[in-house]
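Below is my_file25.tsv, holding TSV, C-alpha atoms.
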chain	number	residue	atom	x	y	z
A	1	MET	CA	107.45	116.83	155.88
A	2	ALA	CA	105.93	120.11	154.72
A	3	PRO	CA	107.85	123.30	155.43
A	4	LYS	CA	105.11	124.41	157.82
A	5	ASP	CA	105.24	121.09	159.70
A	6	ARG	CA	109.00	121.32	160.03
A	7	LEU	CA	108.61	124.65	161.78
A	8	ASN	CA	105.96	123.32	164.23
A	9	SER	CA	107.54	119.89	164.91
A	10	THR	CA	108.79	119.16	168.38
A	11	VAL	CA	112.20	117.86	169.31
A	12	LEU	CA	110.80	114.31	169.75
A	13	HIS	CA	109.31	114.36	166.28
A	14	ARG	CA	112.62	115.41	164.83
A	15	ILE	CA	114.53	112.66	166.67
A	16	GLY	CA	111.99	110.06	165.58
A	17	ALA	CA	112.18	111.15	162.00
A	18	LEU	CA	115.96	111.06	162.16
A	19	PHE	CA	116.16	107.41	163.32
A	20	LEU	CA	113.12	105.93	161.63
A	21	GLY	CA	114.28	107.34	158.38
A	22	ARG	CA	117.24	104.95	158.47
A	23	PRO	CA	116.57	101.52	156.86
A	24	GLY	CA	118.97	99.72	159.21
A	25	PHE	CA	117.26	101.02	162.29
A	26	ARG	CA	113.84	99.94	161.03
A	27	LEU	CA	115.05	96.37	160.40
A	28	HIS	CA	116.63	96.17	163.84
A	29	ALA	CA	113.45	97.42	165.50
A	30	LEU	CA	111.34	94.87	163.64
A	31	ARG	CA	113.63	92.05	164.70
A	32	ARG	CA	113.49	93.07	168.34
A	33	ALA	CA	109.70	93.30	168.22
A	34	ALA	CA	109.47	89.83	166.68
A	35	ALA	CA	111.78	88.42	169.34
A	36	VAL	CA	109.66	89.91	172.13
A	37	ALA	CA	106.50	88.48	170.56
A	38	LEU	CA	108.03	84.99	170.39
A	39	LEU	CA	109.10	85.15	174.04
A	40	LEU	CA	105.60	86.15	175.10
A	41	LEU	CA	104.11	83.31	173.05
A	42	ALA	CA	106.49	80.77	174.60
A	43	ALA	CA	105.66	82.00	178.10
A	44	GLY	CA	101.96	81.65	177.37
A	45	LEU	CA	102.35	78.08	176.14
A	46	THR	CA	104.37	77.18	179.24
A	47	VAL	CA	101.74	78.27	181.74
A	48	GLN	CA	98.83	76.97	179.68
A	49	PRO	CA	97.31	73.88	181.35
A	50	ARG	CA	97.73	70.61	179.52
A	51	HIS	CA	94.60	68.88	178.36
A	52	GLY	CA	96.14	65.62	177.17
A	53	PRO	CA	94.99	62.19	178.34
A	54	PRO	CA	95.63	61.46	182.05
A	55	GLU	CA	98.65	59.32	182.87
A	56	SER	CA	97.75	55.69	183.53
A	57	ARG	CA	98.68	54.65	187.08
A	58	VAL	CA	98.59	51.29	188.86
A	59	ALA	CA	98.37	50.57	192.60
A	60	VAL	CA	101.10	48.16	193.77
A	61	LEU	CA	102.54	47.02	197.08
A	62	VAL	CA	105.79	48.54	198.32
A	63	ALA	CA	107.89	47.96	201.41
A	64	ALA	CA	106.61	50.24	204.19
A	65	ARG	CA	110.12	50.39	205.69
A	66	ASP	CA	113.52	48.73	205.25
A	67	LEU	CA	112.95	44.98	205.51
A	68	PRO	CA	115.66	42.38	206.22
A	69	PRO	CA	115.98	39.08	204.36
A	70	GLY	CA	114.04	36.22	205.89
A	71	ARG	CA	111.28	38.47	207.25
A	72	VAL	CA	107.80	36.99	207.37
A	73	LEU	CA	105.66	39.84	206.09
A	74	SER	CA	102.72	41.30	207.97
A	75	LYS	CA	100.25	44.02	207.00
A	76	ALA	CA	102.43	46.60	208.78
A	77	ASP	CA	105.37	45.78	206.48
A	78	VAL	CA	103.67	46.78	203.22
A	79	ALA	CA	101.86	49.80	201.82
A	80	ARG	CA	99.94	50.64	198.66
A	81	ARG	CA	101.37	53.17	196.24
A	82	GLU	CA	100.29	54.27	192.77
A	83	LEU	CA	103.00	54.21	190.10
A	84	PRO	CA	102.95	55.09	186.40
A	85	ALA	CA	101.93	51.96	184.50
A	86	ASP	CA	105.14	51.91	182.44
A	87	LEU	CA	107.25	51.90	185.66
A	88	VAL	CA	105.51	48.93	187.31
A	89	PRO	CA	107.88	45.90	187.28
A	90	ASP	CA	106.72	42.48	186.10
A	91	GLY	CA	105.30	40.34	188.89
A	92	ALA	CA	104.52	43.31	191.16
A	93	LEU	CA	102.17	42.40	194.02
A	94	ARG	CA	98.92	44.35	194.18
A	95	ASP	CA	96.97	42.67	196.98
A	96	ILE	CA	98.05	42.68	200.62
A	97	ALA	CA	96.68	39.15	201.04
A	98	THR	CA	99.23	37.87	198.50
A	99	ALA	CA	102.13	39.27	200.56
A	100	GLU	CA	101.06	38.57	204.14
A	101	GLY	CA	102.86	35.59	205.63
A	102	ARG	CA	105.40	35.27	202.81
A	103	VAL	CA	109.13	35.17	203.49
A	104	LEU	CA	111.48	37.70	201.89
A	105	GLY	CA	114.36	36.03	200.13
A	106	SER	CA	116.42	39.24	200.09
A	107	ALA	CA	116.35	42.67	201.74
A	108	ALA	CA	113.93	45.33	200.48
A	109	ARG	CA	114.32	49.08	200.81
A	110	SER	CA	111.54	51.35	202.04
A	111	GLY	CA	109.28	52.30	199.12
A	112	GLU	CA	110.59	49.53	196.85
A	113	PRO	CA	107.89	47.70	194.82
A	114	LEU	CA	107.55	44.08	195.95
A	115	THR	CA	107.58	41.46	193.20
A	116	ASP	CA	107.12	37.69	193.24
A	117	ALA	CA	110.87	37.28	192.68
A	118	ARG	CA	111.53	38.78	196.13
A	119	PHE	CA	110.05	35.82	197.96
A	120	ASN	CA	111.24	32.31	198.63
A	121	GLY	CA	109.48	29.87	196.35
A	122	PRO	CA	108.39	26.35	197.40
A	123	ALA	CA	111.73	24.76	196.41
A	124	VAL	CA	113.72	27.30	198.42
A	125	ALA	CA	111.38	27.23	201.41
A	126	SER	CA	111.71	23.48	201.79
A	127	GLY	CA	115.44	23.41	201.17
A	128	GLY	CA	115.20	21.43	197.91
A	129	ALA	CA	113.64	18.31	196.45
A	130	GLY	CA	112.94	15.56	199.00
A	131	THR	CA	113.22	17.90	201.94
A	132	ALA	CA	110.80	19.72	204.23
A	133	ALA	CA	110.93	22.89	206.31
A	134	ALA	CA	110.90	22.11	210.03
A	135	PRO	CA	109.79	24.87	212.45
A	136	ILE	CA	112.13	25.44	215.38
A	137	ARG	CA	111.35	27.87	218.21
A	138	LEU	CA	114.63	29.12	219.61
A	139	ALA	CA	115.16	29.22	223.36
A	140	ASP	CA	117.18	32.44	223.05
A	141	PRO	CA	115.25	34.77	220.70
A	142	GLU	CA	118.24	37.10	220.18
A	143	VAL	CA	120.14	34.33	218.39
A	144	ALA	CA	117.71	34.75	215.51
A	145	ASP	CA	119.10	38.26	214.90
A	146	PHE	CA	122.23	36.59	213.51
A	147	LEU	CA	120.36	34.26	211.17
A	148	VAL	CA	119.37	34.81	207.54
A	149	PRO	CA	118.06	32.38	204.93
A	150	GLY	CA	120.93	30.26	203.60
A	151	ARG	CA	122.94	30.29	206.84
A	152	ARG	CA	124.18	26.84	207.95
A	153	VAL	CA	123.66	25.88	211.61
A	154	ASP	CA	123.63	22.94	214.03
A	155	LEU	CA	120.51	22.35	216.11
A	156	VAL	CA	121.29	21.73	219.77
A	157	THR	CA	118.87	20.84	222.54
A	158	THR	CA	119.17	20.38	226.31
A	159	LEU	CA	117.31	17.35	227.62
A	160	THR	CA	115.11	18.38	230.52
A	161	ARG	CA	115.71	15.30	232.69
A	162	SER	CA	119.45	14.71	232.52
A	163	GLY	CA	120.54	18.19	231.50
A	164	ALA	CA	122.88	16.75	228.87
A	165	ALA	CA	123.20	18.57	225.57
A	166	SER	CA	122.18	16.72	222.42
A	167	VAL	CA	122.65	17.58	218.75
A	168	LEU	CA	119.40	17.23	216.88
A	169	ALA	CA	120.85	17.94	213.42
A	170	GLU	CA	124.11	19.15	211.93
A	171	ASP	CA	124.88	21.51	209.06
A	172	VAL	CA	121.28	22.35	208.18
A	173	LYS	CA	120.22	25.36	206.15
A	174	VAL	CA	118.04	28.13	207.55
A	175	VAL	CA	115.24	28.85	205.06
A	176	ALA	CA	113.16	31.43	206.99
A	177	VAL	CA	113.39	33.58	210.11
A	178	GLN	CA	110.41	35.04	211.95
A	179	ALA	CA	110.35	38.81	212.27
A	180	PRO	CA	111.00	40.24	215.75
A	181	GLN	CA	107.84	40.38	217.84
A	182	GLY	CA	106.73	42.80	220.54
A	183	HIS	CA	107.19	40.12	223.19
A	184	ARG	CA	109.85	37.43	223.28
A	185	ASP	CA	108.61	35.10	225.99
A	186	GLN	CA	108.06	32.25	223.52
A	187	GLY	CA	111.26	32.67	221.51
A	188	ARG	CA	111.74	33.35	217.80
A	189	LEU	CA	110.63	30.85	215.20
A	190	ILE	CA	112.91	29.72	212.39
A	191	PHE	CA	112.51	27.13	209.62
A	192	VAL	CA	115.30	24.79	208.60
A	193	GLY	CA	115.50	22.52	205.57
A	194	LEU	CA	115.86	18.81	206.39
A	195	PRO	CA	115.15	15.46	204.74
A	196	GLU	CA	111.44	14.77	205.17
A	197	GLN	CA	111.80	12.04	207.80
A	198	ALA	CA	114.39	13.96	209.80
A	199	ALA	CA	112.29	17.11	209.59
A	200	ALA	CA	109.37	15.38	211.28
A	201	THR	CA	111.61	14.03	214.06
A	202	VAL	CA	113.29	17.40	214.70
A	203	ALA	CA	110.00	19.30	214.65
A	204	ALA	CA	108.50	16.89	217.19
A	205	ALA	CA	111.55	17.14	219.46
A	206	ALA	CA	111.48	20.94	219.32
A	207	LEU	CA	107.94	20.94	220.73
A	208	SER	CA	109.05	19.42	224.03
A	209	GLN	CA	112.67	20.48	224.32
A	210	SER	CA	114.56	23.76	224.50
A	211	VAL	CA	116.41	24.28	221.21
A	212	THR	CA	119.17	26.64	220.17
A	213	VAL	CA	121.65	26.75	217.29
A	214	THR	CA	125.38	27.01	216.80
A	215	LEU	CA	126.57	28.95	213.79
A	216	ARG	CA	128.85	27.51	211.15
Would you kindly transcribe this structure into structure tokens?
Amino acid sequence: MAPKDRLNSTVLHRIGALFLGRPGFRLHALRRAAAVALLLLAAGLTVQPRHGPPESRVAVLVAARDLPPGRVLSKADVARRELPADLVPDGALRDIATAEGRVLGSAARSGEPLTDARFNGPAVASGGAGTAAAPIRLADPEVADFLVPGRRVDLVTTLTRSGAASVLAEDVKVVAVQAPQGHRDQGRLIFVGLPEQAAATVAAAALSQSVTVTLR
């Protein structure tokens, strides 16, 4: 600084010259400036919209609410939901028609994707090879609340003429239970697995007689 400039310099100029003249201070100031610039760049990249390819999503069926085992599904029991393609399980159902009328083999939580493994297959629905599923409409619909697929029961009927109780079948397996309905005047429907000939006899008897079950 020229002698004349030194005389006319302000206090701020003198302080600036004092600190900027030190090499250590200059290096520290440069580092702080670089750090601030990097922070601003990172903030800009964070708020910048992404222009990558859109995420692939697939529409699947999920349980519309908690569903118990043995429920015969209706349209009100399922809903469509889009999931990322890499999160869709194998065998996931995508069409409501493929789920309606099928029997849940195990409970499903609300929002859970429904897969083919959730439902009773033909072998389970009939009770096994050489057997058939016989429909039984229970006289007391509330008894069905205690039944789930796999439960063993005895089928008991009351003959209308004599009033004597009769056992239609013993130790049979429940393979499906109808979901509760808005009205219960006709009783709840269940399916039990029986040998084919016995299944036909029991199903025919259940059409004309009042049937209930005893639990094992």
Exercise: Arg94 of chain A partners within 7 Å, all atoms listed in the file, chain neighbours under 3 positions left out, as a list of chain:residue names
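Answer for this query is A:Ala59, A:Val60, A:Leu61.
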Pick the closest to Ala99 of chain A from A:Glu112, A:Arg188, A:Asp77, A:Ala165: which is it, counting only C-alpha atoms?
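Checking each of A:Glu112, A:Arg188, A:Asp77, A:Ala165 against Ala99 of chain A, counting only C-alpha atoms, the winner is A:Asp77.
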Separation of atom CA of Ala97 of chain A from atom CA of Ala134 of chain A, in Å and rounded to one decimal
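That distance, rounded to one decimal, is 23.9 Å.
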Between A:Asp116, A:Glu142, A:Ala132, A:Ser110, which has the minimum distance to Pro195 of chain A (counting all atoms listed in the file)?
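Of A:Asp116, A:Glu142, A:Ala132, A:Ser110, the one nearest Pro195 of chain A, counting all atoms listed in the file, is A:Ala132.
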Which one of A:Arg216, A:Arg57, A:Arg71, A:Arg151 sits closest to Phe119 of chain A if you count all atoms listed in the file?
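Result for the nearest residue to Phe119 of chain A: A:Arg71.
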Given only C-alpha atoms as the counted atoms, nearest of A:Leu41, A:Val78, A:Val153, A:Ala206 to Gly101 of chain A:
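Comparing A:Leu41, A:Val78, A:Val153, A:Ala206 against Gly101 of chain A, the winner is A:Val78.
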Measure the distance from atom CA of Leu189 of chain A to atom CA of Leu138 of chain A in Å and round it to one decimal.
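Result for atom CA of Leu189 of chain A versus atom CA of Leu138 of chain A: 6.2 Å, one decimal.
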Please determine, counting only C-alpha atoms, which residue among A:Ala63, A:Val103, A:Leu207, A:Leu215 has the shortest atom-to-atom distance to Asp171 of chain A.
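Of A:Ala63, A:Val103, A:Leu207, A:Leu215, the one nearest Asp171 of chain A, counting only C-alpha atoms, is A:Leu215.
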